[in-house]
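The next block is target.cif, given as mmCIF, C-alpha atoms.
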```cif
data_query
#
loop_
_atom_site.group_PDB
_atom_site.id
_atom_site.type_symbol
_atom_site.label_atom_id
_atom_site.label_comp_id
_atom_site.auth_asym_id
_atom_site.auth_seq_id
_atom_site.Cartn_x
_atom_site.Cartn_y
_atom_site.Cartn_z
ATOM 1 C CA MET A 31 3.627 24.123 24.172
ATOM 2 C CA SER A 32 1.499 21.879 21.941
ATOM 3 C CA PRO A 33 -2.305 21.949 22.356
ATOM 4 C CA LYS A 34 -3.928 19.199 24.407
ATOM 5 C CA ARG A 35 -4.908 16.195 22.264
ATOM 6 C CA ARG A 36 -8.664 16.104 21.626
ATOM 7 C CA ARG A 37 -10.826 13.574 19.840
ATOM 8 C CA ILE A 38 -13.481 13.939 17.199
ATOM 9 C CA ARG A 39 -16.508 12.007 18.437
ATOM 10 C CA ASN A 40 -19.653 11.179 16.500
ATOM 11 C CA ARG A 41 -23.151 9.750 16.984
ATOM 12 C CA ILE A 42 -23.364 7.982 13.630
ATOM 13 C CA HIS A 43 -23.871 4.478 15.013
ATOM 14 C CA GLU A 44 -26.588 5.670 17.405
ATOM 15 C CA LEU A 45 -28.393 7.734 14.748
ATOM 16 C CA ARG A 46 -28.066 5.079 12.082
ATOM 17 C CA THR A 47 -29.417 2.231 14.218
ATOM 18 C CA ALA A 48 -32.269 4.431 15.508
ATOM 19 C CA ARG A 49 -33.322 5.037 11.905
ATOM 20 C CA GLY A 50 -32.709 1.441 10.810
ATOM 21 C CA ILE A 51 -30.214 2.439 8.129
ATOM 22 C CA SER A 52 -27.435 0.014 7.214
ATOM 23 C CA GLN A 53 -23.797 1.102 6.910
ATOM 24 C CA GLY A 54 -23.958 0.294 3.197
ATOM 25 C CA ALA A 55 -27.039 2.452 2.625
ATOM 26 C CA LEU A 56 -25.488 5.389 4.465
ATOM 27 C CA ALA A 57 -22.258 4.884 2.536
ATOM 28 C CA ASP A 58 -24.117 4.977 -0.788
ATOM 29 C CA GLU A 59 -25.950 8.135 0.246
ATOM 30 C CA VAL A 60 -22.819 10.062 1.202
ATOM 31 C CA GLY A 61 -20.562 8.647 -1.536
ATOM 32 C CA ALA A 62 -18.226 6.596 0.625
ATOM 33 C CA THR A 63 -17.529 2.901 1.082
ATOM 34 C CA ARG A 64 -19.174 0.803 3.793
ATOM 35 C CA GLN A 65 -15.721 0.184 5.294
ATOM 36 C CA THR A 66 -15.151 3.928 5.669
ATOM 37 C CA ILE A 67 -18.478 4.397 7.488
ATOM 38 C CA ASN A 68 -17.510 1.513 9.775
ATOM 39 C CA ALA A 69 -14.072 3.068 10.452
ATOM 40 C CA ILE A 70 -15.700 6.450 11.215
ATOM 41 C CA GLU A 71 -18.227 4.849 13.573
ATOM 42 C CA GLN A 72 -15.421 3.099 15.441
ATOM 43 C CA GLU A 73 -13.535 6.414 15.510
ATOM 44 C CA LYS A 74 -10.552 4.833 13.800
ATOM 45 C CA TYR A 75 -10.808 7.340 10.962
ATOM 46 C CA ALA A 76 -11.567 11.069 11.111
ATOM 47 C CA PRO A 77 -13.335 12.049 7.869
ATOM 48 C CA SER A 78 -12.797 15.198 5.858
ATOM 49 C CA LEU A 79 -14.962 18.202 6.671
ATOM 50 C CA GLU A 80 -16.914 17.645 3.458
ATOM 51 C CA LEU A 81 -17.769 14.014 4.261
ATOM 52 C CA ALA A 82 -18.622 14.959 7.859
ATOM 53 C CA PHE A 83 -21.079 17.574 6.570
ATOM 54 C CA ARG A 84 -22.564 15.113 4.076
ATOM 55 C CA ILE A 85 -23.147 12.564 6.865
ATOM 56 C CA ALA A 86 -24.891 15.177 9.022
ATOM 57 C CA GLU A 87 -26.979 16.147 5.994
ATOM 58 C CA ALA A 88 -27.943 12.502 5.420
ATOM 59 C CA PHE A 89 -29.430 12.435 8.941
ATOM 60 C CA GLU A 90 -31.063 15.827 8.312
ATOM 61 C CA MET A 91 -29.290 17.208 11.361
ATOM 62 C CA SER A 92 -26.883 20.024 12.023
ATOM 63 C CA PHE A 93 -23.160 19.381 12.099
ATOM 64 C CA GLU A 94 -22.980 19.915 15.876
ATOM 65 C CA GLU A 95 -25.697 17.367 16.529
ATOM 66 C CA VAL A 96 -23.638 14.610 14.881
ATOM 67 C CA TRP A 97 -20.067 15.677 15.591
ATOM 68 C CA THR A 98 -18.336 16.869 18.770
ATOM 69 C CA PHE A 99 -14.758 17.740 19.597
ATOM 70 C CA GLU A 100 -13.962 16.352 23.022
ATOM 71 C CA ALA A 101 -10.978 16.554 25.346
ATOM 72 C CA MET B 361 -12.729 -6.235 3.101
ATOM 73 C CA SER B 362 -12.872 -3.179 0.853
ATOM 74 C CA HIS B 363 -12.176 -3.147 -2.868
ATOM 75 C CA ALA B 364 -8.880 -1.292 -2.341
ATOM 76 C CA GLU B 365 -7.734 -3.651 0.415
ATOM 77 C CA ARG B 366 -8.537 -6.683 -1.761
ATOM 78 C CA TYR B 367 -6.571 -5.048 -4.574
ATOM 79 C CA ALA B 368 -3.591 -4.565 -2.212
ATOM 80 C CA TRP B 369 -3.624 -8.252 -1.199
ATOM 81 C CA LEU B 370 -3.773 -9.534 -4.795
ATOM 82 C CA SER B 371 -1.163 -7.031 -5.905
ATOM 83 C CA LEU B 372 1.103 -8.064 -3.016
ATOM 84 C CA ILE B 373 0.944 -11.692 -4.194
ATOM 85 C CA ALA B 374 1.697 -10.603 -7.782
ATOM 86 C CA TRP B 375 4.699 -8.483 -6.738
ATOM 87 C CA ALA B 376 6.043 -11.243 -4.463
ATOM 88 C CA ALA B 377 5.944 -13.561 -7.510
ATOM 89 C CA ILE B 378 7.659 -10.879 -9.637
ATOM 90 C CA LEU B 379 10.403 -10.489 -7.003
ATOM 91 C CA PHE B 380 10.877 -14.276 -6.893
ATOM 92 C CA PHE B 381 11.103 -14.334 -10.693
ATOM 93 C CA LEU B 382 13.661 -11.502 -10.588
ATOM 94 C CA ILE B 383 15.820 -13.313 -8.036
ATOM 95 C CA THR B 384 15.734 -16.581 -10.005
ATOM 96 C CA ARG B 385 16.700 -14.703 -13.195
ATOM 97 C CA PHE B 386 19.689 -12.942 -11.630
ATOM 98 C CA THR B 387 21.089 -15.216 -8.947
ATOM 99 C CA ALA B 388 22.117 -18.815 -8.352
ATOM 100 C CA GLY B 389 23.037 -20.968 -5.395
ATOM 101 C CA ILE B 390 20.007 -22.834 -4.024
ATOM 102 C CA ASP B 391 17.700 -25.061 -6.091
ATOM 103 C CA PHE B 392 14.000 -24.644 -5.303
ATOM 104 C CA LEU B 393 11.015 -25.614 -7.469
ATOM 105 C CA GLY B 394 13.276 -26.184 -10.449
ATOM 106 C CA GLN B 395 14.785 -22.706 -10.119
ATOM 107 C CA SER B 396 18.150 -21.674 -8.764
ATOM 108 C CA PHE B 397 18.446 -18.630 -6.576
ATOM 109 C CA GLY B 398 20.750 -17.364 -3.870
ATOM 110 C CA LEU B 399 23.253 -14.655 -3.071
ATOM 111 C CA THR B 400 25.525 -15.138 -6.068
ATOM 112 C CA ILE B 401 24.733 -12.884 -9.010
ATOM 113 C CA VAL B 402 25.075 -14.652 -12.365
ATOM 114 C CA GLU B 403 26.660 -12.364 -14.951
ATOM 115 C CA GLN B 404 24.563 -11.945 -18.099
ATOM 116 C CA SER B 405 24.813 -10.193 -21.447
ATOM 117 C CA ALA B 406 23.234 -6.763 -21.988
ATOM 118 C CA GLY B 407 20.756 -8.313 -24.444
ATOM 119 C CA LYS B 408 19.567 -10.874 -21.906
ATOM 120 C CA LEU B 409 19.295 -8.180 -19.212
ATOM 121 C CA LEU B 410 17.159 -6.044 -21.510
ATOM 122 C CA TRP B 411 14.954 -9.038 -22.274
ATOM 123 C CA THR B 412 14.558 -9.724 -18.532
ATOM 124 C CA TYR B 413 13.630 -6.082 -17.930
ATOM 125 C CA VAL B 414 11.001 -6.120 -20.704
ATOM 126 C CA THR B 415 9.595 -9.436 -19.425
ATOM 127 C CA LEU B 416 9.325 -8.062 -15.889
ATOM 128 C CA ALA B 417 7.634 -4.874 -17.095
ATOM 129 C CA VAL B 418 5.117 -6.832 -19.202
ATOM 130 C CA ILE B 419 4.344 -9.233 -16.315
ATOM 131 C CA ALA B 420 3.902 -6.326 -13.867
ATOM 132 C CA ILE B 421 1.597 -4.344 -16.196
ATOM 133 C CA ALA B 422 -0.420 -7.443 -17.124
ATOM 134 C CA ALA B 423 -0.816 -8.557 -13.493
ATOM 135 C CA GLU B 424 -1.918 -5.109 -12.291
ATOM 136 C CA SER B 425 -4.322 -4.717 -15.242
ATOM 137 C CA VAL B 426 -5.936 -8.119 -14.724
ATOM 138 C CA ILE B 427 -6.360 -7.532 -10.966
ATOM 139 C CA ALA B 428 -7.834 -4.061 -11.555
ATOM 140 C CA ALA B 429 -10.216 -5.317 -14.264
ATOM 141 C CA VAL B 430 -11.461 -8.312 -12.254
ATOM 142 C CA LEU B 431 -12.072 -6.234 -9.123
ATOM 143 C CA ALA B 432 -13.734 -3.410 -11.091
ATOM 144 C CA ALA B 433 -16.107 -5.930 -12.686
ATOM 145 C CA ARG B 434 -16.963 -7.326 -9.248
ATOM 146 C CA ALA B 435 -17.508 -3.877 -7.722
ATOM 147 C CA GLY B 436 -20.057 -2.901 -10.366
ATOM 148 C CA GLU B 437 -21.803 0.428 -9.765
ATOM 149 C CA LYS B 438 -20.924 0.723 -6.076
ATOM 150 C CA VAL B 439 -18.448 3.300 -4.776
ATOM 151 C CA ASP B 440 -15.176 1.388 -4.728
ATOM 152 C CA ARG B 441 -12.772 4.133 -3.620
ATOM 153 C CA ASP B 442 -13.233 7.119 -1.360
ATOM 154 C CA GLU B 443 -11.205 9.664 0.629
ATOM 155 C CA ARG B 444 -10.030 7.054 3.190
ATOM 156 C CA ASP B 445 -8.638 4.860 0.394
ATOM 157 C CA ILE B 446 -6.832 7.881 -1.068
ATOM 158 C CA ALA B 447 -5.396 8.819 2.364
ATOM 159 C CA ILE B 448 -4.200 5.244 2.934
ATOM 160 C CA GLU B 449 -2.642 5.119 -0.535
ATOM 161 C CA ALA B 450 -0.792 8.378 0.209
ATOM 162 C CA ARG B 451 0.596 6.929 3.453
ATOM 163 C CA ALA B 452 1.614 3.726 1.655
ATOM 164 C CA ASN B 453 3.329 5.740 -1.092
ATOM 165 C CA LEU B 454 5.270 7.612 1.589
ATOM 166 C CA ALA B 455 6.378 4.344 3.221
ATOM 167 C CA SER B 456 7.441 3.038 -0.191
ATOM 168 C CA TYR B 457 9.379 6.233 -0.883
ATOM 169 C CA TRP B 458 11.243 6.052 2.444
ATOM 170 C CA PHE B 459 12.076 2.389 1.810
ATOM 171 C CA MET B 460 13.425 3.232 -1.648
ATOM 172 C CA ALA B 461 15.460 6.169 -0.314
ATOM 173 C CA ALA B 462 16.910 4.019 2.477
ATOM 174 C CA ALA B 463 17.687 1.116 0.110
ATOM 175 C CA LEU B 464 19.430 3.374 -2.414
ATOM 176 C CA ASN B 465 21.470 4.974 0.381
ATOM 177 C CA VAL B 466 22.500 1.538 1.638
ATOM 178 C CA ILE B 467 23.581 0.560 -1.877
ATOM 179 C CA VAL B 468 25.573 3.778 -2.392
ATOM 180 C CA LEU B 469 27.228 3.485 1.032
ATOM 181 C CA HIS B 470 27.946 -0.204 0.428
ATOM 182 C CA VAL B 471 29.687 0.563 -2.857
ATOM 183 C CA LEU B 472 31.671 3.501 -1.480
ATOM 184 C CA LEU B 473 32.710 1.760 1.741
ATOM 185 C CA ASN B 474 33.594 -1.376 -0.194
ATOM 186 C CA ALA B 475 35.832 0.629 -2.503
ATOM 187 C CA ALA B 476 37.442 2.492 0.392
ATOM 188 C CA TYR B 477 37.745 -0.325 2.957
ATOM 189 C CA GLY B 478 37.391 -3.554 0.932
ATOM 190 C CA GLY B 479 38.981 -6.912 1.619
ATOM 191 C CA HIS B 480 36.413 -8.476 3.973
ATOM 192 C CA ASN B 481 34.506 -11.753 3.505
ATOM 193 C CA LEU B 482 30.973 -10.382 3.921
ATOM 194 C CA PRO B 483 28.474 -10.751 1.023
ATOM 195 C CA GLN B 484 29.235 -8.114 -1.577
ATOM 196 C CA LEU B 485 27.142 -6.551 -4.271
ATOM 197 C CA ASN B 486 29.306 -6.023 -7.313
ATOM 198 C CA LEU B 487 28.081 -2.768 -8.798
ATOM 199 C CA THR B 488 31.017 -2.548 -11.157
ATOM 200 C CA SER B 489 29.189 -5.043 -13.398
ATOM 201 C CA LEU B 490 26.153 -4.265 -15.528
ATOM 202 C CA THR B 491 24.282 -7.270 -14.104
ATOM 203 C CA GLY B 492 24.939 -6.128 -10.538
ATOM 204 C CA VAL B 493 23.610 -2.621 -11.208
ATOM 205 C CA ALA B 494 20.521 -3.930 -13.055
ATOM 206 C CA PHE B 495 19.751 -6.454 -10.320
ATOM 207 C CA ALA B 496 20.186 -3.935 -7.486
ATOM 208 C CA LEU B 497 17.922 -1.338 -9.101
ATOM 209 C CA LEU B 498 15.210 -3.780 -10.189
ATOM 210 C CA PHE B 499 15.286 -5.476 -6.778
ATOM 211 C CA VAL B 500 14.776 -2.125 -5.016
ATOM 212 C CA LEU B 501 11.920 -1.220 -7.399
ATOM 213 C CA ALA B 502 10.093 -4.517 -6.843
ATOM 214 C CA ALA B 503 10.744 -4.485 -3.085
ATOM 215 C CA ALA B 504 9.411 -0.902 -2.869
ATOM 216 C CA GLU B 505 6.180 -2.049 -4.533
ATOM 217 C CA ILE B 506 5.901 -4.847 -1.964
ATOM 218 C CA VAL B 507 6.499 -2.340 0.870
ATOM 219 C CA LYS B 508 3.707 -0.173 -0.569
ATOM 220 C CA ARG B 509 1.242 -3.107 -0.569
ATOM 221 C CA ILE B 510 2.215 -4.168 2.960
ATOM 222 C CA ALA B 511 1.859 -0.558 4.195
ATOM 223 C CA THR B 512 -1.561 -0.344 2.497
ATOM 224 C CA ILE B 513 -2.790 -3.537 4.152
ATOM 225 C CA TRP B 514 -1.315 -2.462 7.502
ATOM 226 C CA ASN B 515 -3.128 0.883 7.299
ATOM 227 C CA TYR B 516 -6.453 -0.778 6.466
ATOM 228 C CA ARG B 517 -6.053 -3.030 9.511
ATOM 229 C CA ALA B 518 -5.058 -0.131 11.779
ATOM 230 C CA ALA B 519 -7.501 2.540 10.558
#
```
Could I get this file's structure written as structure tokens?
Amino acid sequence: MSPKRRRIRNRIHELRTARGISQGALADEVGATRQTINAIEQEKYAPSLELAFRIAEAFEMSFEEVWTFEA
Amino acid sequence: MSHAERYAWLSLIAWAAILFFLITRFTAGIDFLGQSFGLTIVEQSAGKLLWTYVTLAVIAIAAESVIAAVLAARAGEKVDRDERDIAIEARANLASYWFMAAALNVIVLHVLLNAAYGGHNLPQLNLTSLTGVAFALLFVLAAAEIVKRIATIWNYRAA
């Protein structure tokens, strides 16, 4: 039996707007393109573990505070 | 629109033009924009086929180089390619591979079935001639590049 499908959720949009950071600025900080940050925010693209950690680091937060794995 | 997506669009236009050029060089039947193209393959000498191949290769390399250089100049210092672009390119390469595998299988089956059960009036690809073989292979190569660009654009729109 295959495991139940779960989604990777994130708080990037919420955290970014609260800090007044643009998608482009965040992208430059983590070494990605603005389009990739947009796709991650819209949960159309699940980033690699490395990029996910770099994004959490950019917000100076732990991984779990930015990313969750929901049913 | 990202750098890589813009590249895919421009490259798609270039490869569509290359495919059109290929068809006009190898076939005849319908006159359009001063060129003749259609379903009938026009037999050509080996020298002319080689010249066509070299011309196509030069056009393809030049077009890709110019597009890459122009977009790189526009991008400047910014990150123009990241892990998502690489993942999308991998998916597009896979789509292109499956298209090429399917097309080559169709060609092989067409030739074998034609030889075994010939005598019908359906359009036939004559792979007993040098021109037919060259056209079929170059057509599949150019079409596979177009499939790759379409798959790239599709993936950018979807993800």
Please evaluate the PyMOL selection byres ((chain A) within 12 of (chain B)) against the displayed coordinates and give the resulting residues as number ranges by chain.
A: 54-82
Let's have the selection written as a CSV table (one decimal), in the frame of the given file, with C-alpha atoms.
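This is the output file result.csv:
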```csv
chain,number,residue,atom,x,y,z
A,54,GLY,CA,-24.0,0.3,3.2
A,55,ALA,CA,-27.0,2.5,2.6
A,56,LEU,CA,-25.5,5.4,4.5
A,57,ALA,CA,-22.3,4.9,2.5
A,58,ASP,CA,-24.1,5.0,-0.8
A,59,GLU,CA,-26.0,8.1,0.2
A,60,VAL,CA,-22.8,10.1,1.2
A,61,GLY,CA,-20.6,8.6,-1.5
A,62,ALA,CA,-18.2,6.6,0.6
A,63,THR,CA,-17.5,2.9,1.1
A,64,ARG,CA,-19.2,0.8,3.8
A,65,GLN,CA,-15.7,0.2,5.3
A,66,THR,CA,-15.2,3.9,5.7
A,67,ILE,CA,-18.5,4.4,7.5
A,68,ASN,CA,-17.5,1.5,9.8
A,69,ALA,CA,-14.1,3.1,10.5
A,70,ILE,CA,-15.7,6.4,11.2
A,71,GLU,CA,-18.2,4.8,13.6
A,72,GLN,CA,-15.4,3.1,15.4
A,73,GLU,CA,-13.5,6.4,15.5
A,74,LYS,CA,-10.6,4.8,13.8
A,75,TYR,CA,-10.8,7.3,11.0
A,76,ALA,CA,-11.6,11.1,11.1
A,77,PRO,CA,-13.3,12.0,7.9
A,78,SER,CA,-12.8,15.2,5.9
A,79,LEU,CA,-15.0,18.2,6.7
A,80,GLU,CA,-16.9,17.6,3.5
A,81,LEU,CA,-17.8,14.0,4.3
A,82,ALA,CA,-18.6,15.0,7.9
```
With the file shown as input, list the residues that the PyMOL selection byres ((chain B and resi 379) around 9) selects, as a ChimeraX atom specification.
/B:374-378,380-384,498-499,502-503,506
For atom CA of B:Ala463 and atom CA of B:Gly492, quote the distance in Å rounded to one decimal.
14.8 Å
To one decimal in Å, tell me the separation between atom CA of A:Arg39 and atom CA of A:Ser92.
14.6 Å
Assuming the chain letters and numbering stay as they are in my file, what does the PyMOL selection byres ((chain B and resi 460) around 10) actually select? List them as a PyMOL selection string.
chain B and resi 454-459+461-466+497+500-505+507
Taking all listed atoms of stretch 77-95 of chain A, build the axis-aligned box, pad each of the six sides by 5 Å, then write its centre and edge lengths in Å to one decimal as lines of an AutoDock Vina configuration file.
```
center_x = -21.9
center_y = 16.0
center_z = 10.0
size_x = 28.3
size_y = 18.0
size_z = 23.1
```
